[in-house]
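Student: Contents of structure_38.cif (mmCIF, C-alpha atoms) are given next:
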data_protein
loop_
_atom_site.group_PDB
_atom_site.id
_atom_site.type_symbol
_atom_site.label_atom_id
_atom_site.label_comp_id
_atom_site.auth_asym_id
_atom_site.auth_seq_id
_atom_site.Cartn_x
_atom_site.Cartn_y
_atom_site.Cartn_z
ATOM 1 C CA MET A 1 -16.558 35.636 8.468
ATOM 2 C CA PRO A 2 -13.559 33.399 7.618
ATOM 3 C CA GLN A 3 -11.477 34.544 4.699
ATOM 4 C CA GLU A 4 -11.341 32.225 1.694
ATOM 5 C CA ALA A 5 -7.953 31.088 0.484
ATOM 6 C CA PRO A 6 -6.926 32.932 -2.662
ATOM 7 C CA THR A 7 -7.228 31.042 -5.911
ATOM 8 C CA PRO A 8 -3.788 29.715 -6.868
ATOM 9 C CA SER A 9 -2.153 31.242 -9.923
ATOM 10 C CA ALA A 10 -1.561 29.147 -13.027
ATOM 11 C CA ARG A 11 2.163 29.108 -12.223
ATOM 12 C CA GLN A 12 1.519 27.962 -8.650
ATOM 13 C CA THR A 13 -0.734 25.160 -9.905
ATOM 14 C CA GLU A 14 1.824 24.157 -12.543
ATOM 15 C CA LEU A 15 4.663 24.053 -9.993
ATOM 16 C CA LEU A 16 2.528 22.169 -7.453
ATOM 17 C CA GLU A 17 1.777 19.473 -10.042
ATOM 18 C CA ALA A 18 5.457 19.222 -10.974
ATOM 19 C CA ALA A 19 6.464 19.099 -7.295
ATOM 20 C CA TYR A 20 3.825 16.419 -6.689
ATOM 21 C CA ARG A 21 5.248 14.244 -9.489
ATOM 22 C CA TYR A 22 8.701 14.769 -7.961
ATOM 23 C CA ALA A 23 7.420 13.800 -4.485
ATOM 24 C CA LEU A 24 5.837 10.610 -5.839
ATOM 25 C CA THR A 25 9.290 9.527 -6.972
ATOM 26 C CA HIS A 26 11.506 10.995 -4.250
ATOM 27 C CA GLY A 27 9.245 11.201 -1.198
ATOM 28 C CA LEU A 28 8.765 14.098 1.185
ATOM 29 C CA ALA A 29 10.822 13.242 4.275
ATOM 30 C CA ASP A 30 14.101 14.733 3.084
ATOM 31 C CA LEU A 31 12.615 17.240 0.672
ATOM 32 C CA SER A 32 15.078 20.019 -0.039
ATOM 33 C CA LEU A 33 13.959 23.077 -1.967
ATOM 34 C CA ARG A 34 17.086 23.483 -4.102
ATOM 35 C CA PRO A 35 17.042 20.019 -5.769
ATOM 36 C CA LEU A 36 13.248 20.149 -6.060
ATOM 37 C CA ALA A 37 13.307 23.569 -7.692
ATOM 38 C CA GLU A 38 16.042 22.504 -10.104
ATOM 39 C CA ALA A 39 14.136 19.341 -11.055
ATOM 40 C CA ILE A 40 10.906 21.208 -11.781
ATOM 41 C CA GLY A 41 12.384 24.228 -13.537
ATOM 42 C CA SER A 42 11.987 26.804 -10.799
ATOM 43 C CA SER A 43 14.009 28.329 -7.973
ATOM 44 C CA PRO A 44 13.787 28.071 -4.180
ATOM 45 C CA ARG A 45 12.896 31.769 -4.054
ATOM 46 C CA VAL A 46 9.924 31.332 -6.407
ATOM 47 C CA LEU A 47 8.679 28.303 -4.445
ATOM 48 C CA LEU A 48 8.935 30.239 -1.173
ATOM 49 C CA PHE A 49 7.119 33.196 -2.722
ATOM 50 C CA LEU A 50 4.279 31.059 -4.097
ATOM 51 C CA PHE A 51 3.863 28.746 -1.076
ATOM 52 C CA GLU A 52 5.033 31.177 1.668
ATOM 53 C CA SER A 53 7.384 28.618 3.262
ATOM 54 C CA LYS A 54 8.687 25.085 2.904
ATOM 55 C CA ASP A 55 5.924 23.980 5.310
ATOM 56 C CA GLY A 56 3.385 25.723 3.076
ATOM 57 C CA LEU A 57 4.664 23.742 0.102
ATOM 58 C CA LEU A 58 4.573 20.503 2.128
ATOM 59 C CA ARG A 59 0.983 21.221 3.206
ATOM 60 C CA ALA A 60 0.004 21.850 -0.418
ATOM 61 C CA LEU A 61 1.674 18.585 -1.495
ATOM 62 C CA LEU A 62 -0.068 16.630 1.280
ATOM 63 C CA ALA A 63 -3.426 18.136 0.326
ATOM 64 C CA ARG A 64 -2.748 17.257 -3.323
ATOM 65 C CA ALA A 65 -1.859 13.651 -2.432
ATOM 66 C CA ARG A 66 -4.914 13.338 -0.201
ATOM 67 C CA ALA A 67 -7.191 14.640 -2.974
ATOM 68 C CA ASP A 68 -5.660 12.149 -5.421
ATOM 69 C CA GLU A 69 -6.113 9.276 -3.001
ATOM 70 C CA LEU A 70 -9.740 10.198 -2.268
ATOM 71 C CA ALA A 71 -10.596 10.605 -5.951
ATOM 72 C CA LEU A 72 -9.214 7.158 -6.720
ATOM 73 C CA LEU A 73 -10.960 5.582 -3.718
ATOM 74 C CA GLU A 74 -14.198 7.245 -4.759
ATOM 75 C CA ARG A 75 -13.943 5.521 -8.151
ATOM 76 C CA ALA A 76 -13.969 2.175 -6.331
ATOM 77 C CA ARG A 77 -17.478 3.028 -5.173
ATOM 78 C CA GLN A 78 -18.917 3.117 -8.698
ATOM 79 C CA PRO A 79 -21.316 2.025 -10.104
ATOM 80 C CA GLU A 80 -23.172 0.620 -7.095
ATOM 81 C CA ARG A 81 -23.956 2.747 -4.030
ATOM 82 C CA PRO A 82 -24.144 1.431 -1.386
ATOM 83 C CA ALA A 83 -22.815 -2.055 -2.089
ATOM 84 C CA GLY A 84 -21.886 -3.328 1.375
ATOM 85 C CA LEU A 85 -18.555 -3.603 3.121
ATOM 86 C CA ALA A 86 -17.476 -6.952 1.687
ATOM 87 C CA PRO A 87 -17.581 -5.782 -1.957
ATOM 88 C CA ALA A 88 -16.044 -2.482 -0.833
ATOM 89 C CA VAL A 89 -13.053 -4.218 0.723
ATOM 90 C CA GLU A 90 -12.631 -6.334 -2.436
ATOM 91 C CA ARG A 91 -12.734 -3.311 -4.739
ATOM 92 C CA ILE A 92 -10.545 -1.114 -2.560
ATOM 93 C CA TRP A 93 -7.965 -3.872 -2.108
ATOM 94 C CA THR A 94 -7.822 -4.411 -5.877
ATOM 95 C CA TRP A 95 -7.095 -0.707 -6.217
ATOM 96 C CA LEU A 96 -4.524 -0.691 -3.393
ATOM 97 C CA ALA A 97 -2.706 -3.743 -4.740
ATOM 98 C CA ALA A 98 -2.336 -2.316 -8.261
ATOM 99 C CA LYS A 99 1.346 -1.632 -8.940
ATOM 100 C CA GLU A 100 0.623 1.714 -10.605
ATOM 101 C CA HIS A 101 -0.699 3.073 -7.291
ATOM 102 C CA ARG A 102 2.411 2.187 -5.257
ATOM 103 C CA PRO A 103 4.105 5.619 -5.604
ATOM 104 C CA LEU A 104 1.012 7.397 -4.239
ATOM 105 C CA LEU A 105 0.605 4.836 -1.459
ATOM 106 C CA ARG A 106 4.272 5.042 -0.456
ATOM 107 C CA LEU A 107 3.859 8.807 -0.260
ATOM 108 C CA TRP A 108 0.706 8.306 1.833
ATOM 109 C CA ALA A 109 2.532 5.897 4.204
ATOM 110 C CA GLU A 110 5.421 8.317 4.585
ATOM 111 C CA ALA A 111 3.120 11.251 5.353
ATOM 112 C CA TYR A 112 0.949 9.158 7.691
ATOM 113 C CA THR A 113 3.963 8.026 9.718
ATOM 114 C CA ARG A 114 5.504 11.489 9.759
ATOM 115 C CA SER A 115 2.212 12.916 11.025
ATOM 116 C CA LEU A 116 2.323 10.497 13.965
ATOM 117 C CA VAL A 117 5.863 11.363 15.033
ATOM 118 C CA GLN A 118 5.767 15.068 14.116
ATOM 119 C CA PRO A 119 2.212 16.093 14.991
ATOM 120 C CA ASP A 120 2.906 19.810 14.479
ATOM 121 C CA GLY A 121 3.816 21.822 11.434
ATOM 122 C CA ALA A 122 3.160 20.724 7.869
ATOM 123 C CA TRP A 123 2.244 17.175 8.865
ATOM 124 C CA ALA A 124 -0.296 18.215 11.522
ATOM 125 C CA GLY A 125 -3.510 16.237 11.381
ATOM 126 C CA PHE A 126 -2.679 14.282 8.227
ATOM 127 C CA ALA A 127 -2.960 10.824 9.833
ATOM 128 C CA ARG A 128 -6.239 11.603 11.597
ATOM 129 C CA ALA A 129 -7.705 13.198 8.464
ATOM 130 C CA THR A 130 -6.917 10.157 6.318
ATOM 131 C CA VAL A 131 -8.481 7.807 8.884
ATOM 132 C CA GLU A 132 -11.640 9.929 8.719
ATOM 133 C CA ASP A 133 -11.437 10.036 4.900
ATOM 134 C CA TRP A 134 -11.220 6.270 4.564
ATOM 135 C CA LEU A 135 -13.912 5.615 7.182
ATOM 136 C CA GLY A 136 -16.137 8.015 5.238
ATOM 137 C CA VAL A 137 -15.505 6.146 1.991
ATOM 138 C CA LEU A 138 -16.293 2.807 3.685
ATOM 139 C CA ALA A 139 -19.433 4.248 5.286
ATOM 140 C CA GLY A 140 -20.604 5.224 1.808
ATOM 141 C CA PHE A 141 -20.671 1.543 0.851
ATOM 142 C CA GLN A 142 -22.901 0.578 3.765
ATOM 143 C CA PRO A 143 -26.689 0.642 3.581
ATOM 144 C CA PRO A 144 -28.085 3.350 5.920
ATOM 145 C CA SER A 145 -29.381 0.862 8.509
ATOM 146 C CA GLU A 146 -25.863 -0.566 8.910
ATOM 147 C CA ARG A 147 -23.956 2.687 8.425
ATOM 148 C CA ASP A 148 -25.842 4.444 11.227
ATOM 149 C CA SER A 149 -25.495 1.640 13.781
ATOM 150 C CA GLU A 150 -22.758 1.020 16.343
ATOM 151 C CA ASP A 151 -22.117 -2.376 14.738
ATOM 152 C CA GLY A 152 -21.738 -0.660 11.356
ATOM 153 C CA ALA A 153 -19.050 1.650 12.762
ATOM 154 C CA ILE A 154 -17.220 -1.352 14.254
ATOM 155 C CA ARG A 155 -17.407 -3.283 10.964
ATOM 156 C CA ARG A 156 -16.014 -0.426 8.869
ATOM 157 C CA THR A 157 -13.263 0.160 11.467
ATOM 158 C CA LEU A 158 -12.291 -3.506 11.158
ATOM 159 C CA ALA A 159 -12.403 -3.273 7.358
ATOM 160 C CA LEU A 160 -10.128 -0.224 7.497
ATOM 161 C CA ALA A 161 -7.715 -1.994 9.859
ATOM 162 C CA VAL A 162 -7.478 -4.960 7.480
ATOM 163 C CA LEU A 163 -6.967 -2.762 4.412
ATOM 164 C CA ARG A 164 -4.381 -0.517 6.071
ATOM 165 C CA GLY A 165 -2.484 -3.428 7.628
ATOM 166 C CA ALA A 166 -2.423 -5.324 4.341
ATOM 167 C CA LEU A 167 -1.330 -2.172 2.502
ATOM 168 C CA LEU A 168 1.610 -1.542 4.839
ATOM 169 C CA ASP A 169 2.629 -5.205 4.564
ATOM 170 C CA LEU A 170 2.364 -5.005 0.757
ATOM 171 C CA LEU A 171 4.538 -1.892 0.623
ATOM 172 C CA ALA A 172 7.120 -3.632 2.824
ATOM 173 C CA THR A 173 7.139 -7.087 1.198
ATOM 174 C CA ASP A 174 5.507 -6.828 -2.248
ATOM 175 C CA ASP A 175 3.855 -10.196 -1.427
ATOM 176 C CA GLU A 176 0.598 -9.472 -3.223
ATOM 177 C CA LYS A 177 -0.546 -13.118 -3.425
ATOM 178 C CA ARG A 178 -0.339 -13.784 0.320
ATOM 179 C CA LEU A 179 -1.988 -10.501 1.213
ATOM 180 C CA THR A 180 -4.769 -10.865 -1.337
ATOM 181 C CA GLU A 181 -5.574 -14.282 0.154
ATOM 182 C CA ALA A 182 -5.672 -12.736 3.633
ATOM 183 C CA VAL A 183 -7.952 -9.910 2.462
ATOM 184 C CA GLU A 184 -10.207 -12.424 0.685
ATOM 185 C CA HIS A 185 -10.454 -14.376 3.959
ATOM 186 C CA GLN A 186 -11.559 -11.184 5.726
ATOM 187 C CA VAL A 187 -14.074 -10.489 2.958
ATOM 188 C CA ALA A 188 -15.594 -13.933 3.572
ATOM 189 C CA LEU A 189 -15.882 -13.076 7.279
ATOM 190 C CA LEU A 190 -17.536 -9.753 6.426
ATOM 191 C CA HIS A 191 -20.014 -11.588 4.178
ATOM 192 C CA ALA A 192 -20.768 -14.059 6.974
ATOM 193 C CA GLY A 193 -21.193 -11.240 9.494
ATOM 194 C CA SER A 194 -23.637 -9.405 7.249
ATOM 195 C CA THR A 195 -25.810 -12.495 6.844
ATOM 196 C CA VAL A 196 -25.805 -13.183 10.605
ATOM 197 C CA GLY A 197 -26.620 -9.557 11.521
#
Can the structure in the file be given as structure tokens, please?

Tutor:
Amino acid sequence: MPQEAPTPSARQTELLEAAYRYALTHGLADLSLRPLAEAIGSSPRVLLFLFESKDGLLRALLARARADELALLERARQPERPAGLAPAVERIWTWLAAKEHRPLLRLWAEAYTRSLVQPDGAWAGFARATVEDWLGVLAGFQPPSERDSEDGAIRRTLALAVLRGALLDLLATDDEKRLTEAVEHQVALLHAGSTVG
């Protein structure tokens, strides 16, 4: 039987939250334990003891960011379930475009890219897992007859491609107006596709 991970101590949870706030501002790519520890009121030795290694800390930070992202995406699903892909794309884009979410989304983009170029170690599987996460969220918006069909899988993959592409463009250019118009155009196509199918 697989062993369950031990419950984190209060101090480990406290330091993870502080390190997460630090990562939202400073990113993860060049994370160095000494400046991080100093900024959050700890020491490199304590961080290594609590998280076993720098990679262990990075994995914990990535899991924390992923949980945050999923919780916020899940809120986009309320109150209707399922609502269809077109309203889902509208709601999720509104959430993605909100300025207050940019630090989390920059952290996501950094981790996603790092996972592609460094597929081993702390970043292992992050990109694939977030694709599956987002496809799962989009599937939750689809009525069962659409969700369980091949066409439904294609439609949510297209919706994800539009959202992710627009998000990366937004993070690079901050051109929210242009990208919102492009997403709205795709939403109209999704509406038209759902009435044809």

Student: Identify which of the residues A:Ser145, A:Tyr20, A:Asp169, A:Trp134 lies closest to Val89 in chain A, counting all atoms listed in the file when measuring atom-to-atom distances.

Tutor: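 Closest to Val89 in chain A, using all atoms listed in the file: A:Trp134.
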
Student: Please evaluate the PyMOL selection byres ((chain A and resi 124) around 12) against the displayed coordinates and give the resulting residues as a list in words.

Tutor: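 Taken over the shown coordinates, the PyMOL selection byres ((chain A and resi 124) around 12) returns Asp55, Gly56, Leu58, Arg59, Leu62, Ala63, Ala111, Tyr112, Thr113, Arg114, Ser115, Leu116, Val117, Gln118, Pro119, Asp120, Gly121, Ala122, Trp123, Gly125, Phe126, Ala127, Arg128, Ala129 and Thr130 of chain A.
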
Student: Which distance in Å separates CA of His101 in chain A and CA of Ala18 in chain A, to one decimal?

Tutor: 17.7 Å

Student: Restricting the calculation to all atoms listed in the file: of A:Ala65, A:Ala109, A:Leu15, A:Val187, which residue gets closest to Ala159 in chain A?

Tutor: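 With all atoms listed in the file as the atom set, the closest residue is A:Val187.
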
Student: As a PyMOL selection string, please: the residues near Leu73 in chain A (cut-off 12 Å, all atoms listed in the file, same-chain neighbours under 3 positions excluded).

Tutor: chain A and resi 66-70+76-78+88-89+91-96+101+105+130+133-138+140-141

Student: Mind listing whatever residues come within 12 Å of the point (9.3, 32.0, -6.0)? Use only C-alpha atoms, file coordinates, and give them as a list in words.

Tutor: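 Those residues lying close to the given coordinates are Arg11, Gln12, Leu15, Leu33, Arg34, Ala37, Gly41, Ser42, Ser43, Pro44, Arg45, Val46, Leu47, Leu48, Phe49, Leu50, Phe51, Glu52, Ser53, Lys54 and Leu57 of chain A.
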
Student: Between A:Thr13, A:Ala23, A:Leu171, A:Ala182, which residue has the minimum interatomic distance to Lys99 in chain A, considering only C-alpha atoms?

Tutor: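 Selected residue with least distance to Lys99 in chain A: A:Leu171.
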
Student: Between A:Leu61, A:Ala98, A:Val131, A:Leu190, which is the closest to Arg164 in chain A once you count all atoms listed in the file?

Tutor: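 Ranking A:Leu61, A:Ala98, A:Val131, A:Leu190 by distance to Arg164 in chain A, first place goes to A:Val131.
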
Student: Of the residues A:Leu170, A:Leu85, A:Ala97, A:Leu104, which is the one nearest to Leu158 in chain A, using all atoms listed in the file?

Tutor: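 Among the listed residues, the smallest separation from Leu158 in chain A belongs to A:Leu85.
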
Student: Which distance in Å separates CA of Pro103 in chain A and CA of Thr25 in chain A, to one decimal?

Tutor: 6.6 Å

Student: Do a neighbour search on Ala153 in chain A at 9 Å with all atoms listed in the file, toss out local chain neighbours closer than 6 positions, and write the hits as a list of chain:residue names.

Tutor: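 The filter keeps A:Leu135, A:Ala139, A:Glu146, A:Arg147.
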
Student: Could you jot down the CA of Arg106 in chain A to CA of Leu167 in chain A separation for me, Å, one decimal place?

Tutor: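 According to the coordinates, CA of Arg106 in chain A and CA of Leu167 in chain A are separated by 9.6 Å.
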
Student: With distances taken over all atoms listed in the file, which residue among A:Ser9, A:Thr180, A:Gln142, A:Ser32 lies nearest Leu163 in chain A?

Tutor: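 Among the listed residues, A:Thr180 lies closest to Leu163 in chain A.
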